[in-house]
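Colleague: Okay, handing you the structure first.
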Amino acid sequence: MAERSRKQSTSESPDPIAERLAVRRTHKLYLGGAFPRSESNRSYAVTSSTGVHLANAARASRKDVRDAVSSARAAWPGWSGRSAHNRGQILYRVAELLEGRRAQFAEELTQATGLGRTRAGQRVSASIDRWVYYAGWTDKIAQVLGSTNPVSGPFGNVSRPESCGVVGVIAPQQDPLLGLVSVLAPVLAAGNTAVVLASEPAPIPAVSLSEVLATADVPAGVVNILTGHTSELAPPLASHEELDGLDLCGAGTQTADLATAAATTLTRILHPIAGEDFTADPGLSRIRPFMETKTVWQPLGT
Amino acid sequence: MAEDPILSYAPAPEDRSVASVAPSYGLFVDGEFVAPEGEDHITTVNPADAEPLSTIAVATRADVDRAMAAARRASTGVWSTMPAAERGKYLFRIARVVQERSRELAVLETLDNGKPIRESRDVDLPLAAAHFFYHAGWADKLHFATPGGSPHPLGVAAQVIPWNFPLLMLAWKIAPALATGNTVVLKPAETTPLTALAFADICQEVDLPPGVVNIVTGAEETGQALVNHPDADKVAFTGSTAVGREIARSLAGRNTRLTLELGGKGANIVYDDAALDQAVEGIVGGVFFNQGHVCCAGSRLLVQESVADEVLAALKERVSLLRVGDPLDKNTDLGAINSAAQLDRIRQLTEVGTQEAADCWTAPCTLPERGYWFPPTVLSGVTQAHRIAQEEVFGPVLSVLTFRTPEEAVAKANNTAYGLSAGVWSEKSSKLAWTAERLRAGVIWANTFNKLDPASPFGGYKESGYGREGGWHGLEAYLNG
């Protein structure tokens, strides 16, 4: 990183009136509801789309991955046990808080991706609306995917969807906010808990999102966001025995290897969708892969 | 109220001042409160003391025309053409503001309706807010509610709601209509208009486009002008079967979509293998909730003969402990009867029941001197031929019948012109399911009663009306395609 380009970083320009020095944020992991540094004490340099140094993000380790899966597992009974209505309220709360920080996210998006102010603002708007969209899904999933089954015999027979458990999410590398929200929110709406590997080159919006989640009544451990090197973190995540689902959206060339690793414990896999447009209506495409169907038989008779 | 010597309650009055009531109200048309064309007004009173609360306008035919025209303009101009997700976001806003203003609205509801503050606070308001929240989420997902179809709104809905759950019934009507892209003209009941008018204020607060929601107040004539309006694409009515029948007749020759939520005479079946203490609680809640002003009330207890004496004794003991009185007191179980007219109807039918040889038992409670009150009452020895077993009382009056076999229970439960709700109590799940399968009613509660949820469809068989409200089934009533 050239010394010259470091000075061009815009997010910390001195206050023009007070001439005071800006306080820089430490970019940490989001793990079990807390914001630790990596247990490895490592970090990595994050630059803007034009190569300007932005920050040092925590570089999570395999141990951090295991801790994240543990906290997601611990949070799952509580999250999946809440009423669907309540989960919807919480996801909507995320949208409310994101709306209040749209300027910050737009700026981070501009820095990370080089998008102009207007287009960055549109991506932030779409990200907020995506939370609203999934907030509206929580209490409708069972109505759309569930059924009563007219079996031949004196039995009541009902099928309903349930969350599959802990889902690993490899976020898209090139779409650090809308892409991230688009893969995370459906996992939560279904009642799963998540371990997210943020975009490796552009982790800052994910770090900011974790601060929104932490104050939006999302219970600790329901979302865990790790920053670092995807090639290092994805394999231990994919092969973790406690993982029930894995979204390989941002896995790139690692996809096949990770899917193979996950197959050992029959982890449910969602493969990257070629040319996926995150502004399009996703429907149930990202909810259904991480749900189980439970069918209950019950005799009828006096 | 006979005070239990061991357990007595200090007064716990809710603060009346959290709700403000204007001396008079106009109509809410095209986003503004406007003066009515005519001079007629109605005074709405607090049924707990018969004191006037406010004066409301009586909308004339011309006022209804004006409101329908505003709704039509909003329908074609903005609401049906807006991106569905944006419509949904308006409904989310409404849900949040109803939640935020729930204390004020609960007090207002209790003042105008007479229901205990505990119920308006813990049932009406949370359910109303949840109803908007639930339907908000449907707005941009309607293609999932009509598999294979291409859903589009009907246009303008004319809606008339009753006085028993004023704001909640408003939510049941407005939330699905708006979520599906329709606009509405709604008439609240003349005895309980205040929360609907407060809701109009909420529509302004959330910047809902003018004309999407219009509220016209008035009585029977206003209601008739509204449901018979030639520009209504859809009529939704909740109220008595008699009025519903009239509406069905007058709309019969027209291609207007119609849903009706009408009366009921819900059976609450208690088998001898039920958990009896739990069943007694369910019977009490089933019929005395909201003073029995509930269309799905479990107003007919069908108890298996072998446990009838035991259940009846436990029931009377439990009902004796109900606290009847000031609706604004947080300990009150039963509030005031909503109006003098309703009190007369309850008295009349109870009198008929007593004359028909039923054994009439009344809870030993002291009723307030002012206002409209009726004590919790249990009529036992009722047979199917008695009027009290067939006609809806819509008050705190329970008819008790007995049965010997499950087949007999089902036959008796179904022996009514109504078919809205029923309850079944047993510890044997196969028997619950067997019974539920045979009951001709739209909502069956197994080992519980009077449970309502925005995700759950509600509505009746037979003369309890047609159509469903709530759940994805309820959306169909407001969609083509």
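Going by the structure tokens order, chains are called A, B, ..., each with residues numbered from 1, while ligands are numbered from 1 in the order shown.
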Could you write out as number ranges by chain the residues of chain B within 10 Å of chain A, counting only C-alpha atoms?

Modeller: B: 85-86, 88-89, 92, 96, 130, 133-141, 143-147, 405-407, 428-437, 454-456, 471-473

Colleague: Skipping near chain neighbours, those fewer than 3 positions away, what residues fall within 6 Å of stretch 217-225 of chain A using only C-alpha atoms, listed as a ChimeraX atom specification?

Modeller: /A:30-33,68,71-72,75,193-196,213

Colleague: Pick out the residues sitting within 12 Å of A:Gly275, and hand them over as number ranges by chain; count only C-alpha atoms, and ignore anything fewer than 3 positions along from it in its own chain.

Modeller: A: 172, 249, 272, 278-280

Colleague: Contacts of A:Pro289 at 10 Å or less, counting only C-alpha atoms, minus same-chain residues fewer than 5 places along, as a list of chain:residue names?

Modeller: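 Within the cut-off, the hits are A:Ser163, A:Cys164, A:Pro186, A:Val187, A:Ala190, A:Gly245, A:Leu246, A:Asp247, A:Arg268, A:Ile269, A:Leu270, A:Leu284.
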
Colleague: Find the distance between atom CA of A:Ser159 and atom CA of B:Pro457 and write it in Å to one decimal.

Modeller: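 Calculated distance between atom CA of A:Ser159 and atom CA of B:Pro457 is 17.9 Å.
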
Colleague: Tell me, in Å to one decimal, how far atom CA of A:Ala126 is from atom CA of A:Leu54.

Modeller: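 The value is 24.4 Å.
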
Colleague: Which residues are near B:Pro153? Cut-off 8 Å, only C-alpha atoms, ignore same chain within fewer than 2 positions. Put them as a ChimeraX atom specification.

Modeller: /B:80,151,155,180-182,478-480

Colleague: Any chance you could export the current selection's N, CA and C atoms as a JSON list (two decimals), in the first residue's frame?

Modeller:
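Final file, result.json:
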[["chain", "number", "residue", "atom", "x", "y", "z"],
["B", 80, "SER", "N", -53.65, 0.85, -6.73],
["B", 80, "SER", "CA", -53.52, -0.42, -7.46],
["B", 80, "SER", "C", -52.33, -0.41, -8.40],
["B", 151, "PRO", "N", -52.98, -12.74, -9.58],
["B", 151, "PRO", "CA", -53.90, -11.98, -8.73],
["B", 151, "PRO", "C", -53.90, -10.50, -9.03],
["B", 155, "GLY", "N", -60.88, -3.61, -6.65],
["B", 155, "GLY", "CA", -61.18, -2.18, -6.83],
["B", 155, "GLY", "C", -61.50, -1.52, -5.51],
["B", 180, "THR", "N", -54.01, -6.32, -0.75],
["B", 180, "THR", "CA", -54.29, -6.87, -2.07],
["B", 180, "THR", "C", -54.50, -5.78, -3.11],
["B", 181, "GLY", "N", -54.36, -4.51, -2.72],
["B", 181, "GLY", "CA", -54.40, -3.42, -3.69],
["B", 181, "GLY", "C", -55.77, -2.77, -3.85],
["B", 182, "ASN", "N", -56.69, -3.09, -2.94],
["B", 182, "ASN", "CA", -58.01, -2.45, -2.98],
["B", 182, "ASN", "C", -58.02, -1.21, -2.09],
["B", 478, "TYR", "N", -60.46, -10.74, -1.67],
["B", 478, "TYR", "CA", -60.16, -9.41, -2.21],
["B", 478, "TYR", "C", -59.38, -9.47, -3.52],
["B", 479, "LEU", "N", -59.35, -10.63, -4.14],
["B", 479, "LEU", "CA", -58.55, -10.79, -5.36],
["B", 479, "LEU", "C", -59.36, -11.39, -6.50],
["B", 480, "ASN", "N", -59.02, -10.97, -7.71],
["B", 480, "ASN", "CA", -59.45, -11.67, -8.91],
["B", 480, "ASN", "C", -58.26, -12.48, -9.42]]

Colleague: Just list as a VMD selection string whatever in stretch 197-320 of chain B DSSP marks as alpha helix (DSSP H).

Modeller: chain B and resid 197 to 205 220 to 227 241 to 251 276 to 288 305 to 320

Colleague: What does the distance between atom CA of A:Leu197 and atom CA of A:Val169 come to in Å, to one decimal place?

Modeller: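 Separation of atom CA of A:Leu197 and atom CA of A:Val169: 6.2 Å.
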
Colleague: Could you list, as an NGL selection string, every residue within 10 Å of B:Tyr271, counting only C-alpha atoms and ignoring same-chain residues fewer than 2 positions away?

Modeller: :B and (268-269 or 273-276 or 279 or 302-308 or 403-406 or 409 or 424-428 or 431-432)

Colleague: Any chance you can output those residues with C-alpha atoms as an mmCIF file, in the first residue's frame?

Modeller:
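Final output, result_21.cif:
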data_model
loop_
_atom_site.group_PDB
_atom_site.id
_atom_site.type_symbol
_atom_site.label_atom_id
_atom_site.label_comp_id
_atom_site.auth_asym_id
_atom_site.auth_seq_id
_atom_site.Cartn_x
_atom_site.Cartn_y
_atom_site.Cartn_z
ATOM 1 C CA ASN B 268 -68.305 -26.411 23.445
ATOM 2 C CA ILE B 269 -68.154 -30.202 23.792
ATOM 3 C CA ASP B 273 -62.086 -37.917 29.575
ATOM 4 C CA ALA B 274 -61.247 -34.210 29.409
ATOM 5 C CA ALA B 275 -59.000 -32.463 31.912
ATOM 6 C CA LEU B 276 -62.000 -30.960 33.663
ATOM 7 C CA ALA B 279 -62.164 -27.449 30.408
ATOM 8 C CA LEU B 302 -72.414 -29.837 25.608
ATOM 9 C CA VAL B 303 -71.142 -31.848 28.526
ATOM 10 C CA GLN B 304 -71.053 -35.632 28.731
ATOM 11 C CA GLU B 305 -73.710 -36.819 31.163
ATOM 12 C CA SER B 306 -71.329 -38.749 33.409
ATOM 13 C CA VAL B 307 -69.414 -35.605 34.334
ATOM 14 C CA ALA B 308 -72.193 -33.031 33.937
ATOM 15 C CA PHE B 403 -74.989 -35.916 25.778
ATOM 16 C CA ARG B 404 -74.081 -39.589 26.209
ATOM 17 C CA THR B 405 -72.080 -40.641 23.137
ATOM 18 C CA PRO B 406 -69.677 -38.842 20.793
ATOM 19 C CA ALA B 409 -72.461 -34.767 20.865
ATOM 20 C CA VAL B 424 -63.818 -29.983 21.944
ATOM 21 C CA TRP B 425 -62.299 -31.085 25.220
ATOM 22 C CA SER B 426 -60.702 -34.501 25.656
ATOM 23 C CA GLU B 427 -57.330 -35.924 26.606
ATOM 24 C CA LYS B 428 -57.561 -38.332 23.684
ATOM 25 C CA LYS B 431 -61.213 -38.264 19.627
ATOM 26 C CA LEU B 432 -60.522 -34.554 19.256
#

Colleague: From the list B:Val324, B:Val397, B:Val29, B:Leu91, which residue is nearest B:Val284 when using only C-alpha atoms?

Modeller: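 Closest residue, counting only C-alpha atoms: B:Val397.
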